[in-house]
>>> print(open('final_21.pdb').read())   # PDB, C-alpha atoms, pLDDT in the B column
MODEL        1
ATOM      1  CA  MET A 393     -26.365 -74.068 -44.072  1.00 68.00           C
ATOM      2  CA  ASN A 394     -24.657 -71.208 -45.883  1.00 91.00           C
ATOM      3  CA  SER A 395     -21.710 -71.395 -48.260  1.00 96.00           C
ATOM      4  CA  LEU A 396     -19.243 -70.388 -45.530  1.00 97.00           C
ATOM      5  CA  ASP A 397     -20.447 -73.261 -43.344  1.00 97.00           C
ATOM      6  CA  ASP A 398     -20.204 -75.648 -46.300  1.00 97.00           C
ATOM      7  CA  ALA A 399     -16.690 -74.483 -47.129  1.00 97.00           C
ATOM      8  CA  LEU A 400     -15.601 -74.761 -43.500  1.00 97.00           C
ATOM      9  CA  ASP A 401     -17.050 -78.269 -43.250  1.00 97.00           C
ATOM     10  CA  ARG A 402     -15.190 -79.316 -46.413  1.00 98.00           C
ATOM     11  CA  PHE A 403     -11.965 -77.754 -45.123  1.00 98.00           C
ATOM     12  CA  VAL A 404     -12.203 -79.509 -41.747  1.00 98.00           C
ATOM     13  CA  ALA A 405     -13.005 -82.832 -43.436  1.00 98.00           C
ATOM     14  CA  ARG A 406      -9.972 -82.480 -45.715  1.00 98.00           C
ATOM     15  CA  LEU A 407      -7.775 -81.464 -42.769  1.00 97.00           C
ATOM     16  CA  ARG A 408      -8.963 -84.472 -40.762  1.00 97.00           C
ATOM     17  CA  SER A 409      -8.271 -86.751 -43.715  1.00 97.00           C
ATOM     18  CA  ARG A 410      -4.728 -85.378 -44.089  1.00 94.00           C
ATOM     19  CA  LEU A 411      -4.055 -85.729 -40.365  1.00 93.00           C
ATOM     20  CA  GLU A 412      -5.307 -89.319 -40.412  1.00 94.00           C
ATOM     21  CA  ALA A 413      -3.196 -90.127 -43.480  1.00 94.00           C
ATOM     22  CA  GLY A 414      -0.148 -88.597 -41.813  1.00 89.00           C
ATOM     23  CA  ALA A 415      -0.755 -90.581 -38.629  1.00 91.00           C
ATOM     24  CA  ALA A 416      -1.115 -93.793 -40.655  1.00 92.00           C
ATOM     25  CA  THR A 417       2.125 -93.084 -42.528  1.00 90.00           C
ATOM     26  CA  TYR A 418       4.279 -91.554 -39.800  1.00 86.00           C
ATOM     27  CA  GLY A 419       2.501 -92.459 -36.604  1.00 86.00           C
ATOM     28  CA  ASP A 420       1.829 -89.736 -34.049  1.00 82.00           C
ATOM     29  CA  ALA A 421       5.543 -88.950 -33.780  1.00 88.00           C
ATOM     30  CA  SER A 422       4.971 -85.358 -34.873  1.00 87.00           C
ATOM     31  CA  PHE A 423       3.558 -84.564 -31.443  1.00 88.00           C
ATOM     32  CA  GLU A 424       6.892 -85.534 -29.895  1.00 90.00           C
ATOM     33  CA  ARG A 425       9.259 -83.982 -32.458  1.00 92.00           C
ATOM     34  CA  PRO A 426      11.501 -81.139 -31.326  1.00 96.00           C
ATOM     35  CA  GLU A 427       9.926 -77.739 -31.854  1.00 96.00           C
ATOM     36  CA  VAL A 428      12.780 -76.636 -34.113  1.00 97.00           C
ATOM     37  CA  ASP A 429      11.901 -79.504 -36.497  1.00 95.00           C
ATOM     38  CA  LEU A 430       8.284 -78.364 -36.580  1.00 94.00           C
ATOM     39  CA  VAL A 431       9.345 -74.777 -37.287  1.00 97.00           C
ATOM     40  CA  ASP A 432      11.446 -76.045 -40.196  1.00 97.00           C
ATOM     41  CA  GLU A 433       8.516 -78.104 -41.534  1.00 95.00           C
ATOM     42  CA  VAL A 434       6.159 -75.117 -41.365  1.00 96.00           C
ATOM     43  CA  GLN A 435       8.691 -72.884 -43.102  1.00 98.00           C
ATOM     44  CA  GLN A 436       9.083 -75.439 -45.890  1.00 98.00           C
ATOM     45  CA  GLU A 437       5.320 -75.709 -46.282  1.00 97.00           C
ATOM     46  CA  LEU A 438       4.970 -71.918 -46.462  1.00 98.00           C
ATOM     47  CA  GLU A 439       7.679 -71.812 -49.123  1.00 98.00           C
ATOM     48  CA  ASP A 440       5.676 -74.419 -51.078  1.00 98.00           C
ATOM     49  CA  VAL A 441       2.487 -72.377 -50.724  1.00 98.00           C
ATOM     50  CA  CYS A 442       4.288 -69.271 -51.967  1.00 98.00           C
ATOM     51  CA  GLY A 443       5.703 -71.198 -54.912  1.00 98.00           C
ATOM     52  CA  TRP A 444       2.268 -72.531 -55.889  1.00 98.00           C
ATOM     53  CA  ALA A 445       0.806 -69.043 -55.473  1.00 98.00           C
ATOM     54  CA  LEU A 446       3.436 -67.663 -57.853  1.00 98.00           C
ATOM     55  CA  ILE A 447       2.612 -70.331 -60.433  1.00 98.00           C
ATOM     56  CA  LEU A 448      -1.086 -69.540 -60.136  1.00 98.00           C
ATOM     57  CA  TRP A 449      -0.387 -65.795 -60.360  1.00 98.00           C
ATOM     58  CA  VAL A 450       1.597 -66.294 -63.585  1.00 98.00           C
ATOM     59  CA  ARG A 451      -1.212 -68.392 -65.074  1.00 98.00           C
ATOM     60  CA  LEU A 452      -3.820 -65.814 -64.076  1.00 98.00           C
ATOM     61  CA  GLU A 453      -1.707 -63.077 -65.640  1.00 98.00           C
ATOM     62  CA  ARG A 454      -1.615 -65.059 -68.902  1.00 98.00           C
ATOM     63  CA  LEU A 455      -5.378 -65.477 -68.713  1.00 98.00           C
ATOM     64  CA  ARG A 456      -5.797 -61.734 -68.112  1.00 98.00           C
ATOM     65  CA  ARG A 457      -3.764 -60.983 -71.247  1.00 97.00           C
ATOM     66  CA  ARG A 458      -5.851 -63.392 -73.356  1.00 97.00           C
ATOM     67  CA  VAL A 459      -9.118 -61.942 -72.058  1.00 97.00           C
ATOM     68  CA  THR A 460      -7.851 -58.419 -72.746  1.00 96.00           C
ATOM     69  CA  GLN A 461      -6.882 -59.390 -76.295  1.00 96.00           C
ATOM     70  CA  ILE A 462     -10.302 -60.915 -76.933  1.00 95.00           C
ATOM     71  CA  HIS A 463     -11.997 -57.824 -75.551  1.00 94.00           C
ATOM     72  CA  GLU A 464      -9.846 -55.507 -77.655  1.00 94.00           C
ATOM     73  CA  GLN A 465     -10.667 -57.540 -80.764  1.00 94.00           C
ATOM     74  CA  GLY A 466     -14.375 -57.029 -80.102  1.00 90.00           C
ATOM     75  CA  GLY A 467     -14.965 -60.629 -79.093  1.00 75.00           C
ATOM     76  CA  ALA A 468     -16.353 -59.881 -75.672  1.00 66.00           C
ATOM     77  CA  HIS A 469     -19.380 -57.841 -74.751  1.00 67.00           C
ATOM     78  CA  GLY A 470     -19.955 -56.090 -71.493  1.00 57.00           C
TER      79      GLY A 470
ENDMDL
END
>>> encode(input="final_21.pdb", output="structure tokens")
Amino acid sequence: MNSLDDALDRFVARLRSRLEAGAATYGDASFERPEVDLVDEVQQELEDVCGWALILWVRLERLRRRVTQIHEQGGAHG
């Protein structure tokens, strides 16, 4: 199995686990909710993903600055 297959298997397992946890907590009511509610839920989730991506981007930018400083000070080779 290659790394893509492994990653896909892990993703599907995590998705299944989240779906099962949601069903245990909320039942299968999501399949009967009005579509407009589902659209709102997806929009909220996408906003969360964008927020987490921004936080990660800021942290990566800080890391980039530290690595650049180390390199400029002669602490890194390559």
>>> atom_distance(input="final_21.pdb", atom1="atom CA of Phe403 of chain A", atom2="atom CA of Ala415 of chain A")
18.2 Å
>>> atom_distance(input="final_21.pdb", atom1="atom CA of His463 of chain A", atom2="atom CA of Arg451 of chain A")
18.4 Å
>>> atom_distance(input="final_21.pdb", atom1="atom CA of Ala405 of chain A", atom2="atom CA of Val434 of chain A")
20.8 Å
